[in-house]
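The file data14.pdb comes next; it holds PDB, C-alpha atoms.
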```pdb
ATOM      1  CA  MET F   1     136.296  32.441 117.081
ATOM      2  CA  SER F   2     138.445  31.808 120.142
ATOM      3  CA  PRO F   3     138.700  34.504 122.834
ATOM      4  CA  HIS F   4     141.677  36.842 122.768
ATOM      5  CA  ARG F   5     144.118  35.626 125.415
ATOM      6  CA  VAL F   6     145.334  38.291 127.855
ATOM      7  CA  VAL F   7     148.030  37.347 130.358
ATOM      8  CA  ALA F   8     149.185  39.654 133.147
ATOM      9  CA  LEU F   9     152.800  39.260 134.233
ATOM     10  CA  VAL F  10     152.990  39.990 137.975
ATOM     11  CA  SER F  11     155.894  40.254 140.393
ATOM     12  CA  ALA F  12     156.408  41.294 144.004
ATOM     13  CA  LEU F  13     155.636  43.910 145.168
ATOM     14  CA  GLN F  14     152.586  43.774 142.941
ATOM     15  CA  GLY F  15     150.114  46.640 142.813
ATOM     16  CA  SER F  16     146.683  45.099 143.277
ATOM     17  CA  PHE F  17     144.875  48.069 141.727
ATOM     18  CA  GLU F  18     146.974  47.981 138.540
ATOM     19  CA  LEU F  19     146.306  44.259 138.192
ATOM     20  CA  GLY F  20     142.632  44.876 138.893
ATOM     21  CA  CYS F  21     142.445  47.399 136.048
ATOM     22  CA  ALA F  22     143.364  44.702 133.538
ATOM     23  CA  ALA F  23     141.316  41.994 135.222
ATOM     24  CA  VAL F  24     138.063  43.948 135.300
ATOM     25  CA  VAL F  25     138.307  45.229 131.706
ATOM     26  CA  PHE F  26     139.434  41.944 130.137
ATOM     27  CA  GLY F  27     137.395  39.676 132.391
ATOM     28  CA  ASN F  28     134.576  39.057 129.928
ATOM     29  CA  ASP F  29     133.482  36.573 127.280
ATOM     30  CA  ARG F  30     135.505  38.146 124.476
ATOM     31  CA  TYR F  31     138.807  37.732 126.291
ATOM     32  CA  ARG F  32     140.432  34.979 128.317
ATOM     33  CA  PHE F  33     142.281  36.616 131.200
ATOM     34  CA  SER F  34     144.944  34.921 133.325
ATOM     35  CA  VAL F  35     147.967  35.743 135.474
ATOM     36  CA  CYS F  36     151.514  34.414 135.494
ATOM     37  CA  THR F  37     154.764  35.087 137.296
ATOM     38  CA  GLU F  38     158.403  34.068 136.936
ATOM     39  CA  ARG F  39     158.319  31.657 139.882
ATOM     40  CA  PRO F  40     154.795  30.306 140.510
ATOM     41  CA  GLY F  41     153.601  30.523 144.071
ATOM     42  CA  ALA F  42     152.757  33.334 146.463
ATOM     43  CA  VAL F  43     153.334  36.854 145.112
ATOM     44  CA  ARG F  44     153.363  39.639 147.695
ATOM     45  CA  THR F  45     151.248  42.709 146.927
ATOM     46  CA  ARG F  46     151.594  46.307 148.041
ATOM     47  CA  GLY F  47     148.326  45.865 149.914
ATOM     48  CA  GLY F  48     149.928  43.399 152.316
ATOM     49  CA  PHE F  49     148.306  40.214 151.020
ATOM     50  CA  ASP F  50     149.615  37.469 148.746
ATOM     51  CA  LEU F  51     148.409  36.363 145.332
ATOM     52  CA  LEU F  52     148.610  32.647 144.614
ATOM     53  CA  VAL F  53     149.835  32.444 141.003
ATOM     54  CA  THR F  54     150.112  28.962 139.523
ATOM     55  CA  SER F  55     151.351  29.756 135.997
ATOM     56  CA  GLY F  56     154.937  30.493 135.025
ATOM     57  CA  LEU F  57     156.497  32.394 132.136
ATOM     58  CA  ARG F  58     155.453  29.765 129.580
ATOM     59  CA  ALA F  59     151.967  31.272 129.784
ATOM     60  CA  LEU F  60     153.356  34.252 127.882
ATOM     61  CA  ASP F  61     154.038  32.009 124.884
ATOM     62  CA  ARG F  62     150.278  31.532 124.433
ATOM     63  CA  ALA F  63     149.214  35.134 125.025
ATOM     64  CA  ASP F  64     147.777  37.461 122.395
ATOM     65  CA  THR F  65     148.231  40.422 124.764
ATOM     66  CA  ILE F  66     150.652  40.644 127.686
ATOM     67  CA  VAL F  67     150.004  43.219 130.406
ATOM     68  CA  VAL F  68     152.682  44.285 132.894
ATOM     69  CA  PRO F  69     150.527  45.890 135.625
ATOM     70  CA  GLY F  70     153.296  47.775 137.413
ATOM     71  CA  TRP F  71     156.904  46.911 138.209
ATOM     72  CA  LEU F  72     158.265  47.771 141.659
ATOM     73  CA  PRO F  73     160.713  48.860 142.737
ATOM     74  CA  VAL F  74     161.296  50.665 139.460
ATOM     75  CA  GLY F  75     165.075  50.291 139.687
ATOM     76  CA  ARG F  76     164.817  46.495 139.755
ATOM     77  CA  MET F  77     165.898  45.000 136.444
ATOM     78  CA  PRO F  78     163.817  42.072 135.183
ATOM     79  CA  SER F  79     165.635  38.753 135.069
ATOM     80  CA  ASP F  80     167.062  37.431 131.812
ATOM     81  CA  ALA F  81     164.267  34.858 131.744
ATOM     82  CA  VAL F  82     161.580  37.557 131.913
ATOM     83  CA  LEU F  83     163.292  39.663 129.256
ATOM     84  CA  ARG F  84     163.651  36.680 126.921
ATOM     85  CA  ALA F  85     159.990  35.755 127.399
ATOM     86  CA  LEU F  86     158.788  39.280 126.615
ATOM     87  CA  ARG F  87     161.027  39.605 123.545
ATOM     88  CA  ARG F  88     159.990  36.166 122.311
ATOM     89  CA  ALA F  89     156.316  37.030 122.681
ATOM     90  CA  HIS F  90     156.773  40.324 120.826
ATOM     91  CA  ARG F  91     158.584  38.602 117.953
ATOM     92  CA  ARG F  92     155.686  36.238 117.374
ATOM     93  CA  GLY F  93     153.187  39.120 117.354
ATOM     94  CA  ALA F  94     151.871  39.414 120.909
ATOM     95  CA  ARG F  95     150.809  42.896 122.009
ATOM     96  CA  LEU F  96     152.788  44.225 125.000
ATOM     97  CA  VAL F  97     151.036  46.609 127.410
ATOM     98  CA  SER F  98     152.277  48.377 130.530
ATOM     99  CA  ILE F  99     150.335  50.056 133.303
ATOM    100  CA  CYS F 100     152.096  52.743 135.341
ATOM    101  CA  SER F 101     155.579  51.520 136.373
ATOM    102  CA  GLY F 102     155.223  48.462 134.129
ATOM    103  CA  ALA F 103     156.918  50.615 131.484
ATOM    104  CA  PHE F 104     160.219  50.053 133.309
ATOM    105  CA  ALA F 105     160.006  46.313 132.627
ATOM    106  CA  LEU F 106     159.151  46.838 128.961
ATOM    107  CA  ALA F 107     161.905  49.438 128.570
ATOM    108  CA  ALA F 108     164.442  46.935 129.913
ATOM    109  CA  THR F 109     163.734  44.667 126.919
ATOM    110  CA  GLY F 110     165.009  47.331 124.508
ATOM    111  CA  LEU F 111     161.737  47.141 122.590
ATOM    112  CA  LEU F 112     160.841  50.705 123.574
ATOM    113  CA  ASP F 113     164.069  52.250 122.259
ATOM    114  CA  GLY F 114     163.322  55.147 119.922
ATOM    115  CA  ARG F 115     159.633  55.042 120.776
ATOM    116  CA  ARG F 116     157.449  57.634 122.462
ATOM    117  CA  ILE F 117     156.119  56.112 125.686
ATOM    118  CA  THR F 118     154.709  57.187 129.040
ATOM    119  CA  THR F 119     154.489  56.243 132.692
ATOM    120  CA  HIS F 120     153.362  57.927 135.917
ATOM    121  CA  TRP F 121     154.395  61.583 135.828
ATOM    122  CA  ARG F 122     156.357  61.184 139.076
ATOM    123  CA  GLN F 123     158.503  58.489 137.464
ATOM    124  CA  CYS F 124     159.012  59.983 134.012
ATOM    125  CA  ASP F 125     162.363  61.596 134.798
ATOM    126  CA  VAL F 126     163.598  58.389 136.434
ATOM    127  CA  LEU F 127     162.535  56.317 133.428
ATOM    128  CA  GLN F 128     164.163  58.727 130.992
ATOM    129  CA  LYS F 129     167.430  58.702 132.938
ATOM    130  CA  GLN F 130     167.468  54.928 133.324
ATOM    131  CA  PHE F 131     166.603  54.300 129.672
ATOM    132  CA  PRO F 132     167.859  57.285 127.628
ATOM    133  CA  ALA F 133     166.997  55.635 124.293
ATOM    134  CA  VAL F 134     163.259  55.903 124.939
ATOM    135  CA  GLN F 135     161.206  59.071 124.450
ATOM    136  CA  VAL F 136     159.202  59.671 127.614
ATOM    137  CA  ASP F 137     156.088  61.861 127.344
ATOM    138  CA  PRO F 138     154.913  62.944 130.814
ATOM    139  CA  ASP F 139     151.693  64.641 129.697
ATOM    140  CA  VAL F 140     149.560  61.887 128.153
ATOM    141  CA  LEU F 141     147.261  59.245 129.626
ATOM    142  CA  TYR F 142     148.484  56.489 127.331
ATOM    143  CA  ILE F 143     150.312  55.847 124.053
ATOM    144  CA  ASP F 144     149.453  52.981 121.701
ATOM    145  CA  HIS F 145     151.840  51.931 118.919
ATOM    146  CA  GLY F 146     149.776  48.909 118.006
ATOM    147  CA  ASP F 147     152.290  46.273 119.066
ATOM    148  CA  ILE F 148     153.272  48.062 122.293
ATOM    149  CA  ALA F 149     151.169  50.360 124.480
ATOM    150  CA  THR F 150     152.050  52.207 127.691
ATOM    151  CA  SER F 151     149.886  54.053 130.194
ATOM    152  CA  ALA F 152     150.556  56.706 132.810
ATOM    153  CA  GLY F 153     149.500  56.410 136.480
ATOM    154  CA  SER F 154     147.566  53.468 137.894
ATOM    155  CA  GLY F 155     144.066  54.690 136.986
ATOM    156  CA  THR F 156     145.052  55.300 133.380
ATOM    157  CA  GLY F 157     145.435  51.546 133.065
ATOM    158  CA  ILE F 158     141.651  51.485 132.781
ATOM    159  CA  ASP F 159     141.780  54.154 130.067
ATOM    160  CA  LEU F 160     144.336  52.172 128.086
ATOM    161  CA  CYS F 161     142.588  48.836 128.524
ATOM    162  CA  LEU F 162     139.273  50.344 127.396
ATOM    163  CA  HIS F 163     141.080  51.867 124.418
ATOM    164  CA  LEU F 164     142.400  48.430 123.469
ATOM    165  CA  VAL F 165     138.907  46.926 123.790
ATOM    166  CA  ARG F 166     137.611  49.766 121.623
ATOM    167  CA  ASN F 167     140.163  48.875 118.938
ATOM    168  CA  ASP F 168     139.507  45.132 119.253
ATOM    169  CA  HIS F 169     135.719  45.129 119.470
ATOM    170  CA  GLY F 170     134.457  48.649 118.798
ATOM    171  CA  ALA F 171     133.398  51.712 120.745
ATOM    172  CA  ALA F 172     129.975  50.330 121.664
ATOM    173  CA  TYR F 173     131.389  47.252 123.408
ATOM    174  CA  ALA F 174     134.017  49.331 125.211
ATOM    175  CA  ALA F 175     131.281  51.715 126.365
ATOM    176  CA  GLN F 176     129.266  48.746 127.645
ATOM    177  CA  ILE F 177     132.210  47.630 129.791
ATOM    178  CA  ALA F 178     132.770  51.198 130.986
ATOM    179  CA  ARG F 179     129.129  51.497 132.028
ATOM    180  CA  THR F 180     129.366  48.381 134.179
ATOM    181  CA  MET F 181     132.386  49.978 135.879
ATOM    182  CA  VAL F 182     130.579  53.329 136.217
ATOM    183  CA  MET F 183     133.454  54.847 134.249
ATOM    184  CA  PRO F 184     133.555  57.204 131.275
ATOM    185  CA  PRO F 185     134.336  55.189 128.123
ATOM    186  CA  HIS F 186     136.992  57.722 127.167
ATOM    187  CA  ARG F 187     138.723  60.435 129.174
ATOM    188  CA  GLU F 188     140.174  63.467 127.493
ATOM    189  CA  GLY F 189     143.352  65.298 128.339
ATOM    190  CA  GLY F 190     146.613  64.198 129.849
ATOM    191  CA  GLN F 191     148.429  63.815 133.134
ATOM    192  CA  VAL F 192     148.736  67.574 133.448
ATOM    193  CA  GLN F 193     145.280  67.626 135.030
ATOM    194  CA  TYR F 194     146.468  65.394 137.898
ATOM    195  CA  ARG F 195     149.916  66.774 138.638
ATOM    196  CA  THR F 196     150.444  68.513 141.953
ATOM    197  CA  ASP F 197     153.466  70.600 141.065
ATOM    198  CA  ASP F 198     152.023  73.877 142.418
ATOM    199  CA  ARG F 199     149.513  74.354 139.610
ATOM    200  CA  PRO F 200     146.345  76.237 140.517
ATOM    201  CA  GLN F 201     143.307  73.989 140.760
ATOM    202  CA  SER F 202     139.846  74.946 139.566
ATOM    203  CA  PRO F 203     137.305  75.110 142.393
ATOM    204  CA  ASP F 204     134.435  74.163 140.082
ATOM    205  CA  ALA F 205     133.898  70.689 138.684
ATOM    206  CA  LEU F 206     132.884  70.429 135.045
ATOM    207  CA  GLY F 207     131.006  67.164 135.452
ATOM    208  CA  ALA F 208     127.509  68.608 135.146
ATOM    209  CA  LEU F 209     128.468  70.606 132.067
ATOM    210  CA  LEU F 210     130.027  67.556 130.390
ATOM    211  CA  ASP F 211     126.880  65.534 131.063
ATOM    212  CA  TRP F 212     124.731  68.364 129.704
ATOM    213  CA  ALA F 213     126.764  68.559 126.499
ATOM    214  CA  THR F 214     126.961  64.790 125.993
ATOM    215  CA  GLU F 215     123.179  64.543 126.131
ATOM    216  CA  ARG F 216     122.863  67.241 123.440
ATOM    217  CA  LEU F 217     125.464  66.224 120.849
ATOM    218  CA  ALA F 218     122.798  66.271 118.139
ATOM    219  CA  GLU F 219     122.387  69.990 118.722
ATOM    220  CA  PRO F 220     124.820  72.514 117.197
ATOM    221  CA  ILE F 221     126.506  73.185 120.541
ATOM    222  CA  THR F 222     129.467  75.553 120.393
ATOM    223  CA  VAL F 223     132.141  76.585 122.856
ATOM    224  CA  ASP F 224     130.167  79.763 123.453
ATOM    225  CA  ASP F 225     127.168  77.618 124.398
ATOM    226  CA  LEU F 226     129.285  75.688 126.882
ATOM    227  CA  ALA F 227     130.559  78.909 128.407
ATOM    228  CA  ALA F 228     127.049  80.335 128.633
ATOM    229  CA  GLN F 229     125.845  77.207 130.404
ATOM    230  CA  LEU F 230     128.364  77.902 133.176
ATOM    231  CA  ASN F 231     127.813  81.646 132.927
ATOM    232  CA  VAL F 232     131.498  82.298 132.272
ATOM    233  CA  SER F 233     133.464  83.745 129.376
ATOM    234  CA  PRO F 234     134.903  81.414 126.701
ATOM    235  CA  ARG F 235     138.372  82.351 127.943
ATOM    236  CA  THR F 236     137.503  81.321 131.508
ATOM    237  CA  LEU F 237     135.953  78.109 130.230
ATOM    238  CA  ALA F 238     139.103  77.323 128.261
ATOM    239  CA  ARG F 239     141.210  77.870 131.370
ATOM    240  CA  ARG F 240     139.006  75.534 133.417
ATOM    241  CA  PHE F 241     139.103  72.843 130.749
ATOM    242  CA  ALA F 242     142.890  73.128 130.591
ATOM    243  CA  ILE F 243     143.182  72.746 134.355
ATOM    244  CA  GLU F 244     140.649  69.955 134.861
ATOM    245  CA  LEU F 245     140.763  68.051 131.565
ATOM    246  CA  GLY F 246     143.987  69.117 129.895
ATOM    247  CA  VAL F 247     142.271  69.917 126.576
ATOM    248  CA  ALA F 248     140.452  72.815 124.965
ATOM    249  CA  PRO F 249     136.618  72.821 125.088
ATOM    250  CA  GLY F 250     136.353  72.491 121.320
ATOM    251  CA  GLN F 251     138.682  69.480 121.301
ATOM    252  CA  TRP F 252     136.641  67.771 123.986
ATOM    253  CA  LEU F 253     133.375  68.436 122.177
ATOM    254  CA  LEU F 254     134.708  67.108 118.872
ATOM    255  CA  ALA F 255     136.053  63.971 120.574
ATOM    256  CA  GLN F 256     132.592  63.217 121.967
ATOM    257  CA  ARG F 257     131.071  63.622 118.511
ATOM    258  CA  ILE F 258     133.644  61.300 116.957
ATOM    259  CA  ALA F 259     133.012  58.713 119.699
ATOM    260  CA  ARG F 260     129.266  58.906 119.051
ATOM    261  CA  THR F 261     129.912  58.548 115.312
ATOM    262  CA  ARG F 262     131.938  55.386 115.891
ATOM    263  CA  ALA F 263     129.175  53.861 117.982
ATOM    264  CA  LEU F 264     126.519  54.660 115.359
ATOM    265  CA  LEU F 265     128.668  53.192 112.579
ATOM    266  CA  GLU F 266     129.102  50.027 114.614
ATOM    267  CA  GLU F 267     125.562  49.585 115.888
ATOM    268  CA  THR F 268     123.362  50.907 113.072
ATOM    269  CA  ASP F 269     123.006  50.987 109.290
ATOM    270  CA  LEU F 270     122.196  54.691 109.319
ATOM    271  CA  PRO F 271     123.528  56.599 106.301
ATOM    272  CA  ILE F 272     126.252  59.166 106.894
ATOM    273  CA  GLU F 273     123.807  62.000 106.239
ATOM    274  CA  THR F 274     121.636  60.805 109.147
ATOM    275  CA  ILE F 275     124.601  60.269 111.459
ATOM    276  CA  VAL F 276     125.616  63.863 110.792
ATOM    277  CA  THR F 277     122.389  65.047 112.382
ATOM    278  CA  ARG F 278     122.804  62.671 115.347
ATOM    279  CA  VAL F 279     126.274  63.952 116.255
ATOM    280  CA  GLY F 280     125.853  67.661 115.582
ATOM    281  CA  LEU F 281     128.352  68.119 112.761
ATOM    282  CA  SER F 282     127.543  70.526 109.974
ATOM    283  CA  SER F 283     127.729  68.265 106.915
ATOM    284  CA  ALA F 284     128.708  64.832 105.666
ATOM    285  CA  THR F 285     131.880  66.322 104.222
ATOM    286  CA  ASN F 286     132.813  67.808 107.576
ATOM    287  CA  LEU F 287     132.087  64.523 109.360
ATOM    288  CA  ARG F 288     134.247  62.535 106.931
ATOM    289  CA  ARG F 289     137.117  64.993 107.277
ATOM    290  CA  ARG F 290     136.959  65.105 111.080
ATOM    291  CA  PHE F 291     136.532  61.342 111.339
ATOM    292  CA  HIS F 292     139.504  60.639 109.082
ATOM    293  CA  THR F 293     141.698  62.993 111.105
ATOM    294  CA  ALA F 294     140.746  61.286 114.365
ATOM    295  CA  VAL F 295     140.515  57.630 113.340
ATOM    296  CA  ARG F 296     142.766  57.575 110.248
ATOM    297  CA  THR F 297     140.121  55.995 108.053
ATOM    298  CA  THR F 298     136.821  56.944 106.433
ATOM    299  CA  PRO F 299     133.457  56.283 108.096
ATOM    300  CA  SER F 300     132.508  53.809 105.368
ATOM    301  CA  ALA F 301     135.784  51.922 105.647
ATOM    302  CA  TYR F 302     135.468  51.874 109.436
ATOM    303  CA  ARG F 303     131.967  50.375 109.206
ATOM    304  CA  ARG F 304     133.081  47.742 106.680
ATOM    305  CA  ALA F 305     136.107  46.765 108.765
ATOM    306  CA  PHE F 306     134.029  46.551 111.926
ATOM    307  CA  ARG F 307     131.349  44.427 110.264
ATOM    308  CA  ALA F 308     133.986  42.135 108.728
ATOM    309  CA  GLN F 309     135.629  41.737 112.110
ATOM    310  CA  LYS F 310     132.322  40.731 113.687
ATOM    311  CA  SER F 311     131.266  38.389 110.884
ATOM    312  CA  PRO F 312     131.034  34.724 111.947
ATOM    313  CA  GLU F 313     132.886  33.839 108.746
ATOM    314  CA  SER F 314     135.803  36.048 109.653
ATOM    315  CA  SER F 315     138.956  34.046 110.177
ATOM    316  CA  ARG F 316     140.539  36.663 112.353
ATOM    317  CA  SER F 317     141.260  35.399 115.867
ATOM    318  CA  MET F 318     140.540  37.647 118.792
TER     319      MET F 318
END
```
For the structure just supplied, provide its representation as C-alpha cells.
Amino acid sequence: MSPHRVVALVSALQGSFELGCAAVVFGNDRYRFSVCTERPGAVRTRGGFDLLVTSGLRALDRADTIVVPGWLPVGRMPSDAVLRALRRAHRRGARLVSICSGAFALAATGLLDGRRITTHWRQCDVLQKQFPAVQVDPDVLYIDHGDIATSAGSGTGIDLCLHLVRNDHGAAYAAQIARTMVMPPHREGGQVQYRTDDRPQSPDALGALLDWATERLAEPITVDDLAAQLNVSPRTLARRFAIELGVAPGQWLLAQRIARTRALLEETDLPIETIVTRVGLSSATNLRRRFHTAVRTTPSAYRRAFRAQKSPESSRSM
C-alpha cells in the first residue's frame, strides 16, 4: 500500500508556522509529504527567511491531498495557472485543505461556493465580502466536507490535520502523532474561546480538571462531579467551559468518551458491553446511539471498516 501523497502549495509571503502544521502531522511513514509552488525557487516567508522549493504546480497532479497553508495577502487572487491546477486536482478526486488564510485561495476556485467554510475569525468578514457565494462560519475550529476541508486560525491547522489523520488511519494513530507533538488529539469548542472582542476571560484554567476527568472516563462522572471537583456550581462550570472551551461540560465529556470508544474499537477486540464499562456510558444501547450520532455509523460497522482499511489485502490506496 503506497503512502498517501500530501502536497503543500506555498507562495510568498508564506507563513512558516502554517506550513509546519502540515509538515509535522503528515511527516510520517503513512504519508509522503512534499512542497510545491507556482514558480520553483526561493519563496519568501513571513519569518524573514526563504524556502527553496524545487517542485512546480505539476506536483499537484500527483497529490492525494493538497494543503494550502495560508495565502497572503488575502486580497491577492491566485493566478489562472494555480486555479486551474486546484480545480483539476479536485476533479480527479484529490482532497483540498486550507489552513487559516488558505481558504481565500480555495474560495477563488469557486469550489467553495454554497459550502459552509471557515478561516481565522479576524478574516471571516473579509472572506465573506470577497466571496459572497460561500457560507463563512466564524465560530468553528475546522469544517470537513470530505473532498474539501478548511480550518480557522494558524494553530487550528494542527487540529484539522489530526482530524484528517484520524479519518484516514484511526483515532489511535492520530493520538500517537499528537502525543509526539505534546498536543491534545482533539480540541473541543470553536474560535469563540480565542476571540478578543471584549469578552470576559476566565481567570482559572481548566487543564487540571480536564486531565482529572480524562483519567476517569470509566467512572460515571457527571457534570455535577466536574463542578464539585472545582468547588463551583454547575452554572459557574458551564460558564467557564463556554469561555475557555466554547462547549458545554456535558458535550466535552461525551466527546472524550466517544474518542475513547473509537480507540478501543480500533485497537482491541473487546465486545461492546466491555467497552461500555471502559468509557463510562450507561449501556450498550446508549453507547450505540451516542456513537452513531457522533460518527454517523455503528460501533460494529466502524470496527469492520477500520479493520478492512488496515488489512494488507485491502486495495485501497492511502
(request) Counting all atoms listed in the file, figure out which residue out of F:Ala301, F:Ile221, F:Leu96, F:Ala171 gets nearest to F:Thr261. (result)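 Once distances to F:Thr261 are computed over all atoms listed in the file, the minimum belongs to F:Ala171.
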(request) In Å, rounded to a single decimal, give me how far atom CA of F:Ser151 is from atom CA of F:Ala259. (result)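 It comes out at 20.4 Å.
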(message) Env of F:Leu112: 9 Å cut, atoms = all atoms listed in the file, seq-sep filter 2 positions within chain, self excluded. Answer as a count of residues only.
(response) 14
(message) From the options F:Gly170, F:Ile99, F:Thr293, F:Asp29, which residue's atoms come nearest to F:Ser16, counting all atoms listed in the file?
(response)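 Ranking F:Gly170, F:Ile99, F:Thr293, F:Asp29 by distance to F:Ser16, first place goes to F:Ile99.
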(message) On this structure, the PyMOL selection byres ((chain F and resi 119-124) around 6) would catch which residues? List them as a PyMOL selection string, sorted by chain and number.
(response) chain F and resi 100+118+125-127+138+151-153
(message) Take the PyMOL selection byres ((chain F and resi 220) around 9), run it mentally on this structure, and tell me the resulting residues as a ChimeraX atom specification.
(response) /F:216-219,221-222,279-282
(request) Using all atoms listed in the file, pick whichever of F:Glu244, F:Arg303, F:Asp147, F:Val24 has the shortest atom-to-atom distance to F:Pro271. (result)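 With all atoms listed in the file as the atom set, the closest residue is F:Arg303.
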(message) Translate the PyMOL selection byres ((chain F and resi 172) around 8) into a concrete residue list for this structure, as a PyMOL selection string.
(response) chain F and resi 166+170-171+173-176+262-263+266-267
(request) Have a look at F:Gly47, F:Gly157, F:Gly70, F:Gly250 and name the one nearest to F:Ala227; count only C-alpha atoms. (result) F:Gly250
(request) Identify which of the residues F:Leu245, F:Leu9, F:Leu253, F:Leu164 lies closest to F:Ala85, counting all atoms listed in the file when measuring atom-to-atom distances. (result)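 Selected residue with least distance to F:Ala85: F:Leu9.
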(message) Could you check the closest approach to F:Leu287 for each of F:Arg32, F:Arg5, F:Arg257, F:Lys129 and tell me which residue wins, using all atoms listed in the file?
(response) F:Arg257
(request) Please provide the set of residues having any atom within 10 Å of F:Arg46, restricted to all atoms listed in the file, with same-chain residues fewer than 5 positions apart removed, written as a PyMOL selection string. (result) chain F and resi 12-17+72
(message) Using all atoms listed in the file, which protein or nucleic acid residues come within 12 Å of F:Gly93? Drop anything in the same chain fewer than 3 positions from it, and give the result as a ChimeraX atom specification.
(response) /F:60-66,86-90,96,146-148
Written selection (C-alpha atoms) as a PDB file, in the coordinates of the input:
```pdb
ATOM      1  CA  LEU F  60     153.356  34.252 127.882  1.00  0.00           C
ATOM      2  CA  ASP F  61     154.038  32.009 124.884  1.00  0.00           C
ATOM      3  CA  ARG F  62     150.278  31.532 124.433  1.00  0.00           C
ATOM      4  CA  ALA F  63     149.214  35.134 125.025  1.00  0.00           C
ATOM      5  CA  ASP F  64     147.777  37.461 122.395  1.00  0.00           C
ATOM      6  CA  THR F  65     148.231  40.422 124.764  1.00  0.00           C
ATOM      7  CA  ILE F  66     150.652  40.644 127.686  1.00  0.00           C
ATOM      8  CA  LEU F  86     158.788  39.280 126.615  1.00  0.00           C
ATOM      9  CA  ARG F  87     161.027  39.605 123.545  1.00  0.00           C
ATOM     10  CA  ARG F  88     159.990  36.166 122.311  1.00  0.00           C
ATOM     11  CA  ALA F  89     156.316  37.030 122.681  1.00  0.00           C
ATOM     12  CA  HIS F  90     156.773  40.324 120.826  1.00  0.00           C
ATOM     13  CA  LEU F  96     152.788  44.225 125.000  1.00  0.00           C
ATOM     14  CA  GLY F 146     149.776  48.909 118.006  1.00  0.00           C
ATOM     15  CA  ASP F 147     152.290  46.273 119.066  1.00  0.00           C
ATOM     16  CA  ILE F 148     153.272  48.062 122.293  1.00  0.00           C
TER      17      ILE F 148
END
```
(message) What's the separation between atom CA of F:Ser101 and atom CA of F:Trp252, in Å to one decimal place?
(response) 27.9 Å
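Note that atom CA of F:Leu162 and atom CA of F:Thr37 are 23.9 Å apart.
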(message) If we count all atoms listed in the file and set the cut-off at 9 Å, which residues sit around F:Met77, ignoring sequence neighbours fewer than 3 positions away in its own chain? Please answer as number ranges by chain.
(response) F: 74, 80, 104-105, 108
(message) Excluding F:Glu273 and its own-chain neighbours fewer than 5 positions away, which residues fall within 10 Å of it when counting all atoms listed in the file? Please give them as a ChimeraX atom specification.
(response) /F:278,283-285,287
(request) Please return, as a PyMOL selection string, all polymer residues that have at least one atom within 12 Å of the point (140.2, 47.1, 135.1); use only C-alpha atoms and the file's own coordinate frame. (result) chain F and resi 8+16-28+33+67+69+99+154-165+174+177-178+180-183
